[in-house]
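Student: Here it is: the structure, laid out below.
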Amino acid sequence: MSSFSHAPSHLHVTALSGGPGNLPLIQNLTHAWSAGVHWICGDEGTGKTTLLRLLAGDLPTMTGSVSRPEGGVFWVDLQGAAHDQVLVQDCWDAMRKNCPRWNEELLQQLISDLDMDQHRHKRLNMLSTGSRRKVMVIGALASGATVTLLDQPFVSLDLASIQTIQDFLSEAAEHPQRAWIVADYEVPAGWPHRGVLDLDSRSGHRSVGEESGT
């Protein structure tokens with residue numbers, strides 16, 4: 001087990017079950033996340049996005065509990081049609097209002113690094129899939145939240161943008177006070193991280209590097 005196993009937790013769940021509708025994709029999960037970068041991995045349909053939504057409070061729990069930090073949990077999903085007419089800059093402005101530790105300097109740097117300045121005043125439905133995802137990722141990384149949730153941040157992105165986000169998360173891996181929880185199919189090879197929660201529909205929840213009880 002990782003040497004970080006007994007670090008103070010920023011976010012933890014106890015006997016958590018839940019999912020969209022009446023489908024409990026997450027069942028009886030007990031797990032803790034401390035500072036640094038963590039991964040939630042699994043195949044399609046194992047509940048990666050569902051777990052992020054449960055952690056954020058975007059989806060109600062069926063049973064169990066979620067203990068969230070005072071500094072907040074950042075989660076945003078701009079994929080739905082309800083957001084199609086919203087301007088990119090308006091999205092970031094709305095996020096800023098709900099994030100007391102928002103990092104405006106980092107926002108502007110990420111906008112430049114991810115080549116999004118030209119899209120500031122476009123509606124979301126005018127963007128490519130990759131650019132629309134960049135809007136979410138940029139806001140998440142600039143949020144300043146104690147816990148930041150990222151759902152497959154590299155999907156449909158160009159290689160340069162992927163490298164920019166990878167560089168950010170690599171630097172964040174040893175952060176002593178904030179946590180980033182990334183959901184994806186697998187952890188990129190050689191990446192530093194403090195824990196991996198592997199969601200597998202056939203054999204239950206498997207944890208590497210953090211306290212868990214499933």
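By order in the structure tokens, chains are A, B, ...; within a chain, residues start at 1; ligands start at 1, following the order shown.
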Which neighbours of Asp58 (chain A) fall inside 10 Å, counting only C-alpha atoms, when residues of the same chain fewer than 5 positions from it are skipped, and could you give them as JSON, numbers by chain?

Tutor: {"A": [50, 51, 52, 53, 75, 76, 77]}

Student: Just want the 10 Å neighbourhood of Trp92 (chain A), counted on only C-alpha atoms, with same-chain residues fewer than 2 positions away dropped. Output as a PyMOL selection string.

Tutor: chain A and resi 87-90+94-97+104+107+120+135-136+138-140+142-143

Student: With N, CA and C atoms kept, could you save the residues just selected as a JSON list (two decimals), in the first residue's frame?

Tutor:
[["chain", "number", "residue", "atom", "x", "y", "z"],
["A", 87, "LEU", "N", -22.34, 31.24, -24.04],
["A", 87, "LEU", "CA", -21.03, 31.65, -24.55],
["A", 87, "LEU", "C", -19.92, 31.08, -23.67],
["A", 88, "VAL", "N", -18.78, 30.79, -24.28],
["A", 88, "VAL", "CA", -17.65, 30.23, -23.56],
["A", 88, "VAL", "C", -17.26, 31.12, -22.38],
["A", 89, "GLN", "N", -17.09, 32.42, -22.63],
["A", 89, "GLN", "CA", -16.68, 33.32, -21.55],
["A", 89, "GLN", "C", -17.72, 33.36, -20.43],
["A", 90, "ASP", "N", -18.98, 33.28, -20.79],
["A", 90, "ASP", "CA", -20.04, 33.28, -19.78],
["A", 90, "ASP", "C", -19.95, 32.03, -18.91],
["A", 94, "ALA", "N", -19.53, 32.29, -14.90],
["A", 94, "ALA", "CA", -20.45, 31.64, -13.97],
["A", 94, "ALA", "C", -19.70, 30.75, -12.98],
["A", 95, "MET", "N", -18.69, 30.03, -13.47],
["A", 95, "MET", "CA", -17.89, 29.19, -12.58],
["A", 95, "MET", "C", -17.17, 30.04, -11.53],
["A", 96, "ARG", "N", -16.63, 31.18, -11.97],
["A", 96, "ARG", "CA", -15.88, 32.07, -11.08],
["A", 96, "ARG", "C", -16.74, 32.50, -9.89],
["A", 97, "LYS", "N", -18.01, 32.80, -10.12],
["A", 97, "LYS", "CA", -18.89, 33.28, -9.06],
["A", 97, "LYS", "C", -19.07, 32.25, -7.95],
["A", 104, "GLU", "N", -7.60, 33.46, -11.47],
["A", 104, "GLU", "CA", -7.78, 34.14, -12.76],
["A", 104, "GLU", "C", -6.51, 34.09, -13.60],
["A", 107, "LEU", "N", -6.36, 30.79, -15.17],
["A", 107, "LEU", "CA", -7.37, 30.71, -16.23],
["A", 107, "LEU", "C", -6.83, 31.28, -17.53],
["A", 120, "ARG", "N", -13.64, 32.54, -27.09],
["A", 120, "ARG", "CA", -14.26, 33.13, -25.90],
["A", 120, "ARG", "C", -15.72, 33.54, -26.12],
["A", 135, "VAL", "N", -13.25, 23.83, -22.44],
["A", 135, "VAL", "CA", -13.93, 24.82, -21.61],
["A", 135, "VAL", "C", -14.11, 24.28, -20.20],
["A", 136, "MET", "N", -14.53, 23.02, -20.09],
["A", 136, "MET", "CA", -14.75, 22.40, -18.79],
["A", 136, "MET", "C", -13.44, 22.21, -18.04],
["A", 138, "ILE", "N", -10.49, 23.72, -18.43],
["A", 138, "ILE", "CA", -9.89, 25.00, -18.05],
["A", 138, "ILE", "C", -10.56, 25.54, -16.78],
["A", 139, "GLY", "N", -11.88, 25.52, -16.76],
["A", 139, "GLY", "CA", -12.60, 25.98, -15.58],
["A", 139, "GLY", "C", -12.29, 25.15, -14.35],
["A", 140, "ALA", "N", -12.20, 23.84, -14.52],
["A", 140, "ALA", "CA", -11.91, 22.95, -13.40],
["A", 140, "ALA", "C", -10.53, 23.23, -12.82],
["A", 142, "ALA", "N", -8.77, 25.92, -13.00],
["A", 142, "ALA", "CA", -8.67, 27.28, -12.45],
["A", 142, "ALA", "C", -9.55, 27.48, -11.22],
["A", 143, "SER", "N", -10.36, 26.50, -10.86],
["A", 143, "SER", "CA", -11.37, 26.68, -9.82],
["A", 143, "SER", "C", -10.81, 26.97, -8.44]]

Student: Residues of region 15-175 of chain A classed as strand (DSSP E or B) by DSSP on the backbone are to be reported as a PDB file with C-alpha atoms, in the first residue's frame.

Tutor:
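Here's the written file part03.pdb:
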ATOM      1  CA  ALA A  15     -21.110   2.496   2.273  1.00  0.00           C
ATOM      2  CA  LEU A  16     -22.040   4.614  -0.749  1.00  0.00           C
ATOM      3  CA  SER A  17     -24.532   3.324  -3.290  1.00  0.00           C
ATOM      4  CA  GLY A  18     -26.144   5.233  -6.110  1.00  0.00           C
ATOM      5  CA  ILE A  26     -21.917   2.215  -7.370  1.00  0.00           C
ATOM      6  CA  GLN A  27     -22.624  -0.236  -4.567  1.00  0.00           C
ATOM      7  CA  ASN A  28     -21.489  -0.129  -0.932  1.00  0.00           C
ATOM      8  CA  LEU A  29     -18.312   1.831  -1.613  1.00  0.00           C
ATOM      9  CA  THR A  30     -16.153   3.039   1.271  1.00  0.00           C
ATOM     10  CA  HIS A  31     -13.102   5.009   0.179  1.00  0.00           C
ATOM     11  CA  ALA A  32     -10.998   8.075   1.082  1.00  0.00           C
ATOM     12  CA  TRP A  33      -9.083  10.565  -1.057  1.00  0.00           C
ATOM     13  CA  GLY A  36      -2.675  15.005  -4.672  1.00  0.00           C
ATOM     14  CA  VAL A  37      -3.845  13.363  -7.909  1.00  0.00           C
ATOM     15  CA  HIS A  38      -6.016  10.248  -7.812  1.00  0.00           C
ATOM     16  CA  TRP A  39      -7.615   8.147 -10.534  1.00  0.00           C
ATOM     17  CA  ILE A  40     -10.932   6.368 -10.865  1.00  0.00           C
ATOM     18  CA  CYS A  41     -10.534   3.755 -13.587  1.00  0.00           C
ATOM     19  CA  GLY A  42     -12.733   1.148 -15.211  1.00  0.00           C
ATOM     20  CA  THR A  63     -27.526   4.749   0.643  1.00  0.00           C
ATOM     21  CA  GLY A  64     -24.393   5.740   2.520  1.00  0.00           C
ATOM     22  CA  SER A  65     -22.761   9.121   2.936  1.00  0.00           C
ATOM     23  CA  VAL A  66     -20.275  11.525   1.344  1.00  0.00           C
ATOM     24  CA  SER A  67     -18.103  13.780   3.500  1.00  0.00           C
ATOM     25  CA  VAL A  73     -15.763  20.105  -4.581  1.00  0.00           C
ATOM     26  CA  PHE A  74     -15.652  21.374  -8.164  1.00  0.00           C
ATOM     27  CA  LEU A  87     -21.033  31.648 -24.546  1.00  0.00           C
ATOM     28  CA  ARG A 123     -21.645  29.557 -28.185  1.00  0.00           C
ATOM     29  CA  VAL A 147     -11.236  18.806  -4.521  1.00  0.00           C
ATOM     30  CA  THR A 148     -11.502  19.002  -8.312  1.00  0.00           C
ATOM     31  CA  LEU A 149     -13.272  16.269 -10.305  1.00  0.00           C
ATOM     32  CA  LEU A 150     -12.266  15.642 -13.926  1.00  0.00           C
ATOM     33  CA  ASP A 151     -14.157  13.257 -16.200  1.00  0.00           C
TER      34      ASP A 151
END

Student: Mind the document's chain letters and residue numbers, and return as a short mmCIF file (atom, residue, chain, number, x, y, z; two decimals) with N, CA and C atoms, in the first residue's frame the residues of region 1-207 of chain A that DSSP labels alpha helix (DSSP H).

Tutor:
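Writing done, so here's part23.cif:
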data_model
loop_
_atom_site.label_atom_id
_atom_site.label_comp_id
_atom_site.auth_asym_id
_atom_site.auth_seq_id
_atom_site.Cartn_x
_atom_site.Cartn_y
_atom_site.Cartn_z
N LYS A 48 -17.83 5.29 -13.65
CA LYS A 48 -16.84 6.35 -13.38
C LYS A 48 -17.50 7.72 -13.26
N THR A 49 -18.29 8.10 -14.26
CA THR A 49 -18.97 9.39 -14.22
C THR A 49 -19.99 9.43 -13.10
N THR A 50 -20.69 8.34 -12.90
CA THR A 50 -21.67 8.26 -11.82
C THR A 50 -21.03 8.55 -10.47
N LEU A 51 -19.86 7.97 -10.22
CA LEU A 51 -19.18 8.19 -8.95
C LEU A 51 -18.78 9.66 -8.79
N LEU A 52 -18.27 10.26 -9.86
CA LEU A 52 -17.93 11.68 -9.78
C LEU A 52 -19.16 12.52 -9.43
N ARG A 53 -20.27 12.23 -10.04
CA ARG A 53 -21.50 12.98 -9.78
C ARG A 53 -21.98 12.78 -8.34
N LEU A 54 -21.81 11.58 -7.82
CA LEU A 54 -22.17 11.31 -6.43
C LEU A 54 -21.25 12.09 -5.48
N LEU A 55 -19.96 12.11 -5.80
CA LEU A 55 -19.01 12.85 -4.97
C LEU A 55 -19.32 14.34 -4.96
N ALA A 56 -19.76 14.85 -6.10
CA ALA A 56 -20.05 16.28 -6.22
C ALA A 56 -21.40 16.67 -5.64
N VAL A 88 -18.78 30.79 -24.28
CA VAL A 88 -17.65 30.23 -23.56
C VAL A 88 -17.26 31.12 -22.38
N GLN A 89 -17.09 32.42 -22.63
CA GLN A 89 -16.68 33.32 -21.55
C GLN A 89 -17.72 33.36 -20.43
N ASP A 90 -18.98 33.28 -20.79
CA ASP A 90 -20.04 33.28 -19.78
C ASP A 90 -19.95 32.03 -18.91
N CYS A 91 -19.54 30.92 -19.49
CA CYS A 91 -19.35 29.70 -18.70
C CYS A 91 -18.30 29.92 -17.62
N TRP A 92 -17.17 30.47 -18.02
CA TRP A 92 -16.11 30.72 -17.05
C TRP A 92 -16.52 31.75 -16.02
N ASP A 93 -17.25 32.78 -16.44
CA ASP A 93 -17.71 33.80 -15.50
C ASP A 93 -18.65 33.19 -14.45
N ALA A 94 -19.53 32.29 -14.90
CA ALA A 94 -20.45 31.64 -13.97
C ALA A 94 -19.70 30.75 -12.98
N MET A 95 -18.69 30.03 -13.47
CA MET A 95 -17.89 29.19 -12.58
C MET A 95 -17.17 30.04 -11.53
N ARG A 96 -16.63 31.18 -11.97
CA ARG A 96 -15.88 32.07 -11.08
C ARG A 96 -16.74 32.50 -9.89
N LYS A 97 -18.01 32.80 -10.12
CA LYS A 97 -18.89 33.28 -9.06
C LYS A 97 -19.07 32.25 -7.95
N GLU A 104 -7.60 33.46 -11.47
CA GLU A 104 -7.78 34.14 -12.76
C GLU A 104 -6.51 34.09 -13.60
N GLU A 105 -5.36 34.22 -12.96
CA GLU A 105 -4.10 34.17 -13.70
C GLU A 105 -3.92 32.81 -14.37
N LEU A 106 -4.24 31.75 -13.64
CA LEU A 106 -4.15 30.41 -14.22
C LEU A 106 -5.16 30.24 -15.35
N LEU A 107 -6.36 30.79 -15.17
CA LEU A 107 -7.37 30.71 -16.23
C LEU A 107 -6.83 31.28 -17.53
N GLN A 108 -6.27 32.48 -17.46
CA GLN A 108 -5.78 33.14 -18.67
C GLN A 108 -4.62 32.36 -19.28
N GLN A 109 -3.77 31.79 -18.44
CA GLN A 109 -2.65 31.01 -18.94
C GLN A 109 -3.13 29.75 -19.66
N LEU A 110 -4.13 29.09 -19.10
CA LEU A 110 -4.67 27.88 -19.72
C LEU A 110 -5.41 28.21 -21.02
N ILE A 111 -6.11 29.33 -21.04
CA ILE A 111 -6.78 29.76 -22.27
C ILE A 111 -5.77 29.93 -23.39
N SER A 112 -4.63 30.51 -23.06
CA SER A 112 -3.57 30.69 -24.05
C SER A 112 -2.94 29.36 -24.44
N ASP A 113 -2.57 28.56 -23.44
CA ASP A 113 -1.88 27.29 -23.70
C ASP A 113 -2.75 26.30 -24.47
N THR A 129 -16.04 19.01 -30.38
CA THR A 129 -16.14 18.22 -29.15
C THR A 129 -14.93 18.48 -28.24
N GLY A 130 -13.75 18.55 -28.85
CA GLY A 130 -12.55 18.78 -28.07
C GLY A 130 -12.51 20.15 -27.43
N SER A 131 -12.90 21.19 -28.19
CA SER A 131 -12.89 22.55 -27.65
C SER A 131 -13.92 22.70 -26.54
N ARG A 132 -15.05 22.05 -26.70
CA ARG A 132 -16.08 22.11 -25.65
C ARG A 132 -15.55 21.47 -24.36
N ARG A 133 -14.81 20.40 -24.49
CA ARG A 133 -14.23 19.76 -23.31
C ARG A 133 -13.17 20.66 -22.69
N LYS A 134 -12.43 21.38 -23.52
CA LYS A 134 -11.42 22.30 -22.98
C LYS A 134 -12.06 23.36 -22.09
N VAL A 135 -13.25 23.83 -22.44
CA VAL A 135 -13.93 24.82 -21.61
C VAL A 135 -14.11 24.28 -20.20
N MET A 136 -14.53 23.02 -20.09
CA MET A 136 -14.75 22.40 -18.79
C MET A 136 -13.44 22.21 -18.04
N VAL A 137 -12.43 21.70 -18.74
CA VAL A 137 -11.15 21.41 -18.09
C VAL A 137 -10.49 22.69 -17.61
N ILE A 138 -10.49 23.72 -18.43
CA ILE A 138 -9.89 25.00 -18.05
C ILE A 138 -10.56 25.54 -16.78
N GLY A 139 -11.88 25.52 -16.76
CA GLY A 139 -12.60 25.98 -15.58
C GLY A 139 -12.29 25.15 -14.35
N ALA A 140 -12.20 23.84 -14.52
CA ALA A 140 -11.91 22.95 -13.40
C ALA A 140 -10.53 23.23 -12.82
N LEU A 141 -9.53 23.37 -13.68
CA LEU A 141 -8.17 23.57 -13.20
C LEU A 141 -7.99 24.95 -12.56
N ALA A 142 -8.77 25.92 -13.00
CA ALA A 142 -8.67 27.28 -12.45
C ALA A 142 -9.55 27.48 -11.22
N LEU A 159 -2.81 16.59 -29.27
CA LEU A 159 -1.68 16.13 -28.47
C LEU A 159 -1.06 17.25 -27.64
N ALA A 160 -0.98 18.46 -28.20
CA ALA A 160 -0.39 19.56 -27.44
C ALA A 160 -1.24 19.90 -26.22
N SER A 161 -2.56 19.87 -26.36
CA SER A 161 -3.45 20.17 -25.24
C SER A 161 -3.37 19.07 -24.18
N ILE A 162 -3.30 17.83 -24.64
CA ILE A 162 -3.16 16.71 -23.70
C ILE A 162 -1.89 16.87 -22.88
N GLN A 163 -0.81 17.26 -23.54
CA GLN A 163 0.46 17.43 -22.83
C GLN A 163 0.38 18.55 -21.80
N THR A 164 -0.32 19.63 -22.14
CA THR A 164 -0.48 20.74 -21.20
C THR A 164 -1.20 20.29 -19.93
N ILE A 165 -2.28 19.53 -20.11
CA ILE A 165 -3.04 19.05 -18.95
C ILE A 165 -2.24 18.02 -18.17
N GLN A 166 -1.52 17.16 -18.87
CA GLN A 166 -0.67 16.18 -18.20
C GLN A 166 0.40 16.87 -17.37
N ASP A 167 0.99 17.91 -17.91
CA ASP A 167 2.01 18.65 -17.16
C ASP A 167 1.42 19.25 -15.89
N PHE A 168 0.23 19.80 -15.99
CA PHE A 168 -0.42 20.39 -14.82
C PHE A 168 -0.66 19.33 -13.75
N LEU A 169 -1.22 18.20 -14.15
CA LEU A 169 -1.54 17.16 -13.18
C LEU A 169 -0.29 16.51 -12.61
N SER A 170 0.76 16.43 -13.40
CA SER A 170 2.02 15.88 -12.88
C SER A 170 2.57 16.78 -11.77
N GLU A 171 2.46 18.09 -11.94
CA GLU A 171 2.91 19.02 -10.91
C GLU A 171 2.00 18.97 -9.69
N ALA A 172 0.71 18.70 -9.93
CA ALA A 172 -0.26 18.67 -8.83
C ALA A 172 -0.19 17.38 -8.01
#

Student: What's around His10 (chain A) at 9 Å? Count only C-alpha atoms, leave out sequence neighbours fewer than 2 positions away in its own chain, and write the answer as a PyMOL selection string.

Tutor: chain A and resi 8+12+32-35+67-69+146-147+177-179

Student: To one decimal in Å, tell me the separation between CA of Pro153 (chain A) and CA of Ala183 (chain A).

Tutor: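 Straight-line distance from CA of Pro153 (chain A) to CA of Ala183 (chain A) works out to 8.2 Å.
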
Student: Taking only C-alpha atoms into account, which of A:Thr46, A:Ser156, A:Thr61, A:Ser128 comes nearest Leu199 (chain A)?

Tutor: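 Smallest separation from Leu199 (chain A) among the options: A:Thr46.
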